[in-house]
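Participant: What follows is data.txt; its format and atoms are compact mmCIF, C-alpha atoms and all ligand atoms.
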```txt
# COMPACT_ATOMS: atom_id res chain seq x y z
CA MET Z 11 56.18 -62.19 -19.18
CA GLU Z 12 56.12 -65.92 -18.58
CA ILE Z 13 56.91 -65.32 -14.95
CA LEU Z 14 54.01 -62.88 -14.72
CA ARG Z 15 51.64 -65.40 -16.25
CA LYS Z 16 52.83 -67.86 -13.57
CA LEU Z 17 51.95 -65.23 -10.97
CA ASP Z 18 48.50 -64.91 -12.57
CA SER Z 19 47.90 -68.63 -12.26
CA MET Z 20 48.51 -68.58 -8.49
CA PHE Z 21 45.31 -66.70 -7.79
CA GLU Z 22 41.68 -67.23 -8.61
CA GLU Z 23 41.61 -63.93 -10.49
CA PRO Z 24 44.45 -62.83 -12.79
CA MET Z 25 46.64 -60.00 -11.50
CA ASP Z 26 45.51 -56.47 -12.32
CA TYR Z 27 48.45 -54.92 -14.14
CA LEU Z 28 48.25 -51.13 -14.06
CA LYS Z 29 51.33 -51.27 -16.25
CA GLU Z 30 52.88 -54.37 -17.79
CA PRO Z 31 56.64 -54.20 -18.22
CA HIS Z 32 57.92 -54.01 -21.78
CA GLY Z 33 61.01 -56.18 -21.56
CA LEU Z 34 63.41 -57.14 -18.81
CA ARG Z 35 64.72 -53.67 -17.99
CA ASP Z 36 61.33 -52.05 -17.75
CA ASN Z 37 59.25 -51.84 -14.61
CA GLY Z 38 55.62 -52.70 -14.12
CA GLN Z 39 52.89 -51.92 -11.63
CA ILE Z 40 50.39 -54.37 -10.18
CA LEU Z 41 47.32 -53.58 -8.13
CA VAL Z 42 47.28 -56.14 -5.31
CA SER Z 43 44.72 -56.58 -2.55
CA PRO Z 44 46.01 -56.62 1.06
CA GLU Z 45 45.05 -60.33 1.29
CA ASN Z 46 47.16 -61.30 -1.72
CA LEU Z 47 50.13 -59.06 -0.95
CA PRO Z 48 52.14 -61.47 1.26
CA LEU Z 49 52.02 -64.22 -1.40
CA VAL Z 50 52.93 -61.83 -4.21
CA LYS Z 51 55.92 -60.61 -2.18
CA VAL Z 52 57.13 -64.17 -1.65
CA PHE Z 53 56.73 -64.91 -5.36
CA LEU Z 54 58.69 -61.80 -6.43
CA ASN Z 55 61.45 -62.52 -3.92
CA ASP Z 56 61.66 -66.14 -5.11
CA HIS Z 57 62.12 -64.92 -8.67
CA ARG Z 58 64.57 -62.20 -7.63
CA ILE Z 59 62.37 -59.47 -9.00
CA PRO Z 60 63.01 -56.22 -7.11
CA PHE Z 61 59.88 -54.37 -6.03
CA THR Z 62 58.50 -51.63 -3.83
CA THR Z 63 54.99 -51.34 -2.45
CA LYS Z 64 52.80 -48.28 -2.14
CA PRO Z 65 49.47 -48.27 -0.27
CA ILE Z 66 46.47 -46.69 -1.97
CA HIS Z 67 43.24 -45.79 -0.25
CA ILE Z 68 40.31 -46.29 -2.53
CA GLY Z 69 37.36 -45.52 -0.24
CA PRO Z 70 37.93 -41.85 0.62
CA ALA Z 71 38.82 -41.03 -2.99
CA ARG Z 72 35.54 -42.45 -4.21
CA HIS Z 73 33.58 -40.46 -1.68
CA ARG Z 74 35.33 -37.21 -2.52
CA ARG Z 75 35.06 -37.61 -6.27
CA ALA Z 76 31.51 -38.87 -6.48
CA LEU Z 77 30.06 -35.56 -5.28
CA ARG Z 78 27.24 -34.42 -7.49
CA PRO Z 79 27.71 -30.90 -8.79
CA THR Z 80 24.84 -28.48 -8.52
CA ASP Z 81 25.17 -27.09 -12.03
CA PRO Z 82 27.14 -29.10 -14.58
CA TYR Z 83 27.21 -26.14 -16.92
CA GLN Z 84 29.94 -24.37 -14.96
CA LEU Z 85 33.54 -24.89 -15.98
CA SER Z 86 34.49 -25.14 -12.32
CA GLU Z 87 32.25 -28.17 -11.94
CA ILE Z 88 33.92 -30.01 -14.78
CA VAL Z 89 37.42 -29.45 -13.50
CA THR Z 90 36.83 -29.91 -9.79
CA SER Z 91 34.64 -33.01 -9.66
CA TYR Z 92 33.86 -36.16 -11.61
CA LEU Z 93 30.40 -35.93 -13.15
CA SER Z 94 28.11 -38.94 -13.22
CA TYR Z 95 27.20 -40.27 -16.66
CA ASP Z 96 23.79 -38.57 -16.39
CA ASP Z 97 25.40 -35.25 -15.55
CA GLN Z 98 27.90 -35.64 -18.39
CA MET Z 99 25.02 -36.12 -20.83
CA GLN Z 100 23.14 -33.21 -19.29
CA TYR Z 101 26.24 -31.08 -19.81
CA LEU Z 102 26.34 -32.17 -23.44
CA ASP Z 103 22.67 -31.31 -23.98
CA LYS Z 104 23.01 -27.92 -22.32
CA THR Z 105 26.04 -27.11 -24.44
CA ALA Z 106 24.21 -28.06 -27.63
CA ALA Z 107 21.19 -25.97 -26.60
CA ALA Z 108 23.42 -22.96 -25.87
CA PHE Z 109 25.48 -23.24 -29.06
CA PRO Z 110 23.18 -24.61 -31.74
CA TYR Z 111 25.14 -22.98 -34.54
CA THR Z 112 28.44 -24.72 -33.78
CA THR Z 113 27.37 -28.00 -32.17
CA GLN Z 114 25.41 -31.10 -33.05
CA ILE Z 115 24.75 -34.13 -30.85
CA LYS Z 116 24.25 -37.61 -32.20
CA ASN Z 117 23.34 -40.80 -30.43
CA ILE Z 118 25.51 -43.47 -32.07
CA GLY Z 119 24.49 -46.54 -30.10
CA THR Z 120 23.51 -48.08 -26.80
CA SER Z 121 25.62 -49.78 -24.13
CA THR Z 122 24.91 -53.26 -22.79
CA GLU Z 123 22.90 -51.79 -19.91
CA GLY Z 124 21.00 -49.42 -22.20
CA ARG Z 125 22.87 -46.14 -21.83
CA ALA Z 126 23.26 -43.90 -24.87
CA ILE Z 127 26.68 -43.46 -26.47
CA LYS Z 128 26.69 -39.86 -27.64
CA ILE Z 129 29.04 -37.79 -29.71
CA ILE Z 130 29.13 -34.04 -30.12
CA LYS Z 131 30.38 -32.42 -33.29
CA ILE Z 132 31.84 -28.95 -32.76
CA GLY Z 133 32.60 -26.62 -35.67
CA PHE Z 134 31.19 -23.77 -37.70
CA PRO Z 135 29.18 -24.95 -40.69
CA SER Z 136 31.35 -25.50 -43.74
CA PRO Z 137 31.08 -22.53 -46.14
CA THR Z 138 31.28 -24.90 -49.10
CA ASN Z 139 28.96 -27.52 -47.65
CA GLN Z 140 31.78 -30.03 -47.92
CA GLN Z 141 32.76 -32.01 -44.86
CA LYS Z 142 35.66 -30.28 -43.09
CA PRO Z 143 38.62 -32.26 -41.76
CA ILE Z 144 37.72 -34.01 -38.52
CA ILE Z 145 39.63 -34.57 -35.31
CA TRP Z 146 38.03 -37.45 -33.43
CA ILE Z 147 38.44 -37.65 -29.65
CA ASP Z 148 36.91 -40.32 -27.44
CA ALA Z 149 37.23 -40.85 -23.72
CA GLY Z 150 36.91 -43.49 -21.09
CA ILE Z 151 36.89 -46.83 -22.83
CA HIS Z 152 38.70 -47.84 -19.62
CA ALA Z 153 36.15 -47.06 -16.94
CA ARG Z 154 38.47 -46.39 -14.02
CA GLU Z 155 40.43 -43.74 -15.91
CA TRP Z 156 38.03 -41.06 -14.68
CA ILE Z 157 40.05 -38.01 -15.57
CA SER Z 158 39.76 -38.86 -19.28
CA TYR Z 159 36.01 -38.06 -19.18
CA SER Z 160 36.73 -34.71 -17.54
CA VAL Z 161 39.38 -33.88 -20.14
CA ALA Z 162 36.90 -34.56 -22.95
CA LEU Z 163 34.30 -32.32 -21.28
CA PHE Z 164 36.95 -29.65 -20.81
CA PHE Z 165 37.76 -29.81 -24.54
CA ILE Z 166 34.04 -29.41 -25.30
CA GLN Z 167 33.77 -26.45 -22.94
CA GLN Z 168 36.84 -24.74 -24.38
CA LEU Z 169 36.04 -25.35 -28.04
CA THR Z 170 32.51 -24.01 -27.68
CA GLN Z 171 33.13 -21.13 -25.28
CA ASN Z 172 36.71 -19.92 -25.59
CA GLN Z 173 36.94 -17.33 -28.37
CA LYS Z 174 40.59 -18.26 -28.83
CA TYR Z 175 39.50 -21.42 -30.64
CA SER Z 176 36.89 -19.97 -32.98
CA SER Z 177 39.37 -19.78 -35.87
CA VAL Z 178 40.24 -23.45 -35.26
CA ILE Z 179 36.63 -24.64 -35.39
CA LYS Z 180 36.11 -22.70 -38.60
CA LEU Z 181 38.69 -24.95 -40.24
CA ILE Z 182 38.18 -28.21 -38.38
CA ASP Z 183 35.26 -30.16 -36.96
CA PHE Z 184 35.92 -31.85 -33.63
CA VAL Z 185 33.90 -34.96 -32.96
CA ILE Z 186 34.09 -35.79 -29.26
CA ALA Z 187 32.65 -38.87 -27.56
CA PRO Z 188 32.99 -37.97 -23.87
CA ASN Z 189 31.95 -41.35 -22.47
CA VAL Z 190 32.30 -44.50 -24.54
CA ASN Z 191 31.97 -46.94 -21.63
CA PRO Z 192 29.11 -45.57 -19.52
CA ASP Z 193 28.23 -48.91 -17.87
CA GLY Z 194 31.80 -49.49 -16.75
CA TYR Z 195 32.10 -45.91 -15.53
CA GLU Z 196 28.95 -46.03 -13.41
CA TYR Z 197 30.05 -49.39 -12.00
CA SER Z 198 33.43 -47.86 -11.18
CA ARG Z 199 31.77 -44.85 -9.51
CA THR Z 200 29.34 -46.82 -7.41
CA LYS Z 201 30.64 -50.39 -6.88
CA ASP Z 202 34.27 -50.97 -7.70
CA ARG Z 203 36.56 -47.96 -8.13
CA PHE Z 204 39.07 -50.00 -10.15
CA TRP Z 205 36.61 -51.47 -12.64
CA ARG Z 206 38.13 -51.09 -16.10
CA LYS Z 207 36.10 -53.13 -18.60
CA THR Z 208 32.62 -52.95 -20.06
CA ARG Z 209 29.73 -54.68 -18.23
CA SER Z 210 28.71 -57.29 -20.79
CA LYS Z 211 28.33 -60.98 -20.00
CA HIS Z 212 29.02 -63.45 -22.77
CA GLY Z 213 27.88 -67.09 -22.80
CA ASP Z 214 29.31 -69.11 -19.97
CA ASN Z 215 31.99 -66.57 -19.09
CA ARG Z 216 32.72 -66.57 -15.39
CA CYS Z 217 33.26 -62.82 -15.20
CA TYR Z 218 31.60 -59.69 -16.53
CA GLY Z 219 33.10 -57.30 -19.03
CA SER Z 220 35.58 -57.10 -21.87
CA ASP Z 221 38.46 -54.72 -22.41
CA GLY Z 222 36.78 -52.44 -24.96
CA ASN Z 223 40.14 -51.13 -26.06
CA ARG Z 224 41.06 -54.65 -27.18
CA ASN Z 225 37.70 -55.34 -28.83
CA TYR Z 226 38.37 -53.45 -32.06
CA PRO Z 227 38.54 -55.50 -35.27
CA PHE Z 228 42.05 -54.44 -36.28
CA HIS Z 229 44.36 -57.39 -35.50
CA PHE Z 230 41.84 -58.54 -32.89
CA GLY Z 231 43.22 -60.71 -30.13
CA GLU Z 232 46.65 -61.22 -31.67
CA GLU Z 233 48.82 -59.97 -28.80
CA GLY Z 234 48.57 -58.37 -25.38
CA VAL Z 235 45.37 -60.15 -24.42
CA THR Z 236 44.33 -62.94 -22.07
CA TRP Z 237 41.42 -65.23 -22.97
CA ASN Z 238 40.29 -65.54 -19.37
CA SER Z 239 37.10 -63.50 -18.99
CA CYS Z 240 38.19 -62.44 -15.51
CA SER Z 241 41.33 -60.78 -16.84
CA GLU Z 242 41.52 -57.00 -17.23
CA VAL Z 243 42.83 -57.55 -20.77
CA TYR Z 244 40.16 -60.02 -21.91
CA PRO Z 245 39.33 -58.76 -25.41
CA GLY Z 246 35.81 -60.21 -25.60
CA PRO Z 247 34.75 -63.44 -27.35
CA TYR Z 248 35.02 -61.86 -30.81
CA GLU Z 249 35.79 -58.45 -32.30
CA ARG Z 250 33.07 -55.84 -31.76
CA SER Z 251 31.29 -58.12 -29.29
CA GLU Z 252 30.80 -55.00 -27.15
CA PRO Z 253 27.95 -52.78 -28.40
CA GLU Z 254 29.91 -49.68 -27.37
CA VAL Z 255 32.83 -50.65 -29.61
CA ALA Z 256 30.55 -51.73 -32.46
CA ALA Z 257 28.91 -48.27 -32.36
CA LEU Z 258 32.28 -46.49 -32.36
CA VAL Z 259 33.58 -48.56 -35.27
CA ARG Z 260 30.43 -47.90 -37.28
CA GLU Z 261 30.69 -44.16 -36.77
CA ILE Z 262 34.45 -43.92 -37.26
CA MET Z 263 34.23 -45.90 -40.49
CA ALA Z 264 31.47 -43.59 -41.75
CA TYR Z 265 33.73 -40.58 -41.19
CA ARG Z 266 36.98 -42.28 -42.10
CA GLN Z 267 37.75 -40.22 -45.23
CA ASP Z 268 37.62 -37.02 -43.22
CA ILE Z 269 39.15 -38.03 -39.90
CA LYS Z 270 42.67 -36.59 -39.97
CA ALA Z 271 43.53 -37.29 -36.35
CA TYR Z 272 42.20 -39.77 -33.81
CA VAL Z 273 42.83 -39.44 -30.10
CA SER Z 274 41.59 -41.88 -27.49
CA LEU Z 275 41.92 -40.45 -23.99
CA HIS Z 276 43.17 -42.70 -21.22
CA SER Z 277 44.77 -41.69 -17.99
CA TYR Z 278 47.18 -44.24 -16.69
CA GLY Z 279 50.95 -43.85 -16.89
CA GLN Z 280 51.42 -40.30 -18.24
CA GLU Z 281 52.18 -41.80 -21.60
CA ILE Z 282 51.43 -40.83 -25.17
CA LEU Z 283 51.03 -43.99 -27.19
CA TYR Z 284 51.02 -43.97 -30.95
CA PRO Z 285 50.26 -46.76 -33.44
CA TRP Z 286 50.49 -49.55 -33.86
CA GLY Z 287 49.45 -51.19 -30.64
CA HIS Z 288 48.94 -54.76 -31.79
CA ARG Z 289 52.63 -55.60 -32.10
CA THR Z 290 55.83 -54.15 -30.65
CA GLY Z 291 57.99 -52.48 -33.29
CA ALA Z 292 55.25 -52.11 -35.93
CA TYR Z 293 54.69 -48.52 -37.04
CA PRO Z 294 52.52 -46.79 -39.62
CA PRO Z 295 54.30 -45.05 -42.53
CA ASP Z 296 53.66 -41.59 -41.08
CA VAL Z 297 54.96 -42.41 -37.62
CA ASN Z 298 57.37 -39.46 -37.71
CA ASP Z 299 54.48 -37.03 -38.01
CA LEU Z 300 53.01 -38.61 -34.93
CA VAL Z 301 56.24 -38.49 -33.00
CA GLY Z 302 56.38 -34.74 -33.57
CA ARG Z 303 58.48 -32.21 -35.40
CA LYS Z 304 60.51 -31.28 -32.36
CA SER Z 305 61.24 -34.93 -31.70
CA VAL Z 306 59.89 -34.57 -28.21
CA LEU Z 307 58.93 -38.19 -28.21
CA THR Z 308 61.72 -39.60 -30.35
CA ASN Z 309 62.30 -43.27 -29.65
CA CYS Z 310 60.15 -43.04 -26.63
CA SER Z 311 56.48 -43.17 -25.86
CA ARG Z 312 56.78 -41.87 -22.32
CA VAL Z 313 56.47 -38.21 -21.49
CA SER Z 314 57.66 -37.03 -18.12
CA SER Z 315 55.81 -34.25 -16.46
CA LYS Z 316 55.99 -32.51 -13.14
CA PHE Z 317 52.36 -32.65 -12.09
ZN ZN Z 401 43.34 -47.06 -20.52
```
Do you think you could lay out the structure here as structure tokens?
Facilitator:
Amino acid sequence: MEILRKLDSMFEEPMDYLKEPHGLRDNGQILVSPENLPLVKVFLNDHRIPFTTKPIHIGPARHRRALRPTDPYQLSEIVTSYLSYDDQMQYLDKTAAAFPYTTQIKNIGTSTEGRAIKIIKIGFPSPTNQQKPIIWIDAGIHAREWISYSVALFFIQQLTQNQKYSSVIKLIDFVIAPNVNPDGYEYSRTKDRFWRKTRSKHGDNRCYGSDGNRNYPFHFGEEGVTWNSCSEVYPGPYERSEPEVAALVREIMAYRQDIKAYVSLHSYGQEILYPWGHRTGAYPPDVNDLVGRKSVLTNCSRVSSKF
């Protein structure tokens, strides 16, 4: 890691690590601009770090994916294109209007640039009037991980419209926040495809945005962060400095007695990560439940898949 920090210091902006290596035998992935590539190659060769390079073309992808669907109510539109924030919210409103008995929308806060952070609760009313167990799902705290928003919308579509799940939503309430970083997402859609953070600006910070995923109060800023505001893993000046995260924490804490599972959707790396994330080798007491009965993920947080 020290070598990587040295690499960071060679450039005006810190490197953008799509994946940081966990230890010497692990591999990592860095997003490097064509201008910086020659220098990075020299550095890696000097330090005898083996590497391969793979070109990615950002422009055409943005054009293809930014198409505006004609009717965001259709399942096909959710799974074949990336909706804008406005269309995501329109989809949410239409769903709530179509299924008033099983859904409820709540505005839990406002982003730095004034966009609403909304959640939708999906479930049949409790027969006893007691709060049912809740599964909380949020998506897109990392703006460039676009597919996470679509997955959340797909969950909403399936839970409200697929009869197969009606017995599930009788027992459980799903609370889904389909876009918890709307400013970052819109910036990623329209200005910089690889934008990951929020769009706040704090004090004299040179760069915009904090890594919302590192802005939570639990063990804030202890490990895995960089205090340079231009870094992709800058956690913000203090915990909950980001209004999006403050809103999420407020709402999660209000429901905390009833939340039985919490899933935050990301998209990079085809990995399933389970707690804790603030320190390597620290696990909650029920980690085995999380790892799974069939031990699919035993001793390993990476899941291979063929897609
Ligand atoms: Zn992420």
Participant: List as JSON lines every residue of chain Z that is in contact with ligand ZN 401 (chain Z), defined as an atom at most 9 Å from one of its atoms (using only C-alpha atoms and all ligand atoms), together with the nearest atom pair and the distance in Å rounded to one decimal, sorted by chain and then rising number.
Facilitator:
```
{"residue": "Z:Gly150", "atom": "CA", "partner": "Z:ZN401", "partner_atom": "ZN", "distance": 7.4}
{"residue": "Z:Ile151", "atom": "CA", "partner": "Z:ZN401", "partner_atom": "ZN", "distance": 6.9}
{"residue": "Z:His152", "atom": "CA", "partner": "Z:ZN401", "partner_atom": "ZN", "distance": 4.8}
{"residue": "Z:Ala153", "atom": "CA", "partner": "Z:ZN401", "partner_atom": "ZN", "distance": 8.0}
{"residue": "Z:Arg154", "atom": "CA", "partner": "Z:ZN401", "partner_atom": "ZN", "distance": 8.1}
{"residue": "Z:Glu155", "atom": "CA", "partner": "Z:ZN401", "partner_atom": "ZN", "distance": 6.4}
{"residue": "Z:Arg206", "atom": "CA", "partner": "Z:ZN401", "partner_atom": "ZN", "distance": 7.9}
{"residue": "Z:Asn223", "atom": "CA", "partner": "Z:ZN401", "partner_atom": "ZN", "distance": 7.6}
{"residue": "Z:Ser274", "atom": "CA", "partner": "Z:ZN401", "partner_atom": "ZN", "distance": 8.9}
{"residue": "Z:Leu275", "atom": "CA", "partner": "Z:ZN401", "partner_atom": "ZN", "distance": 7.6}
{"residue": "Z:His276", "atom": "CA", "partner": "Z:ZN401", "partner_atom": "ZN", "distance": 4.4}
{"residue": "Z:Ser277", "atom": "CA", "partner": "Z:ZN401", "partner_atom": "ZN", "distance": 6.1}
{"residue": "Z:Tyr278", "atom": "CA", "partner": "Z:ZN401", "partner_atom": "ZN", "distance": 6.1}
```
Participant: Could those residues be written to a file, using C-alpha atoms, as a PDB file, in the coordinates of the input?
Facilitator:
```pdb
ATOM      1  CA  GLY Z 150      36.910 -43.490 -21.090  1.00  0.00           C
ATOM      2  CA  ILE Z 151      36.890 -46.830 -22.830  1.00  0.00           C
ATOM      3  CA  HIS Z 152      38.700 -47.840 -19.620  1.00  0.00           C
ATOM      4  CA  ALA Z 153      36.150 -47.060 -16.940  1.00  0.00           C
ATOM      5  CA  ARG Z 154      38.470 -46.390 -14.020  1.00  0.00           C
ATOM      6  CA  GLU Z 155      40.430 -43.740 -15.910  1.00  0.00           C
ATOM      7  CA  ARG Z 206      38.130 -51.090 -16.100  1.00  0.00           C
ATOM      8  CA  ASN Z 223      40.140 -51.130 -26.060  1.00  0.00           C
ATOM      9  CA  SER Z 274      41.590 -41.880 -27.490  1.00  0.00           C
ATOM     10  CA  LEU Z 275      41.920 -40.450 -23.990  1.00  0.00           C
ATOM     11  CA  HIS Z 276      43.170 -42.700 -21.220  1.00  0.00           C
ATOM     12  CA  SER Z 277      44.770 -41.690 -17.990  1.00  0.00           C
ATOM     13  CA  TYR Z 278      47.180 -44.240 -16.690  1.00  0.00           C
TER      14      TYR Z 278
END
```
Participant: Within 9 Å of Leu102 of chain Z, counting only C-alpha atoms, which residues show up once you throw out same-chain ones fewer than 3 positions away? Write them as a list in words, please.
Facilitator: Tyr83, Asp97, Gln98, Met99, Thr105, Ala106, Ala107, Ile115, Lys128, Ile129, Ile130, Leu163, Ile166 and Pro188 of chain Z
Participant: Given the choices Z:Val89, Z:Cys240, Z:Leu300, Z:Ile144, which gets closest to Asp26 of chain Z if the distance is worked out from only C-alpha atoms?
Facilitator: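 Among Z:Val89, Z:Cys240, Z:Leu300, Z:Ile144, it is Z:Cys240 that comes nearest to Asp26 of chain Z.
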Participant: Which residues are near Pro227 of chain Z? Cut-off 9 Å, all atoms listed in the file, ignore same chain within fewer than 4 positions. Put them as a list of chain:residue names.
Facilitator: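 So the residues in contact are Z:Gly231, Z:Tyr248, Z:Glu249, Z:Arg250, Z:Val259.
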Participant: How would you write as a ChimeraX atom specification the residues that get within 12 Å of (47.9, -51.4, -32.9) in the file's frame, counting all atoms listed in the file?
Facilitator: /Z:223-234,283-294
Participant: Atom CA of Gly124 of chain Z and atom CA of Pro192 of chain Z are how many Å apart?
Facilitator: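 Calculated distance between atom CA of Gly124 of chain Z and atom CA of Pro192 of chain Z is 9.4 Å.
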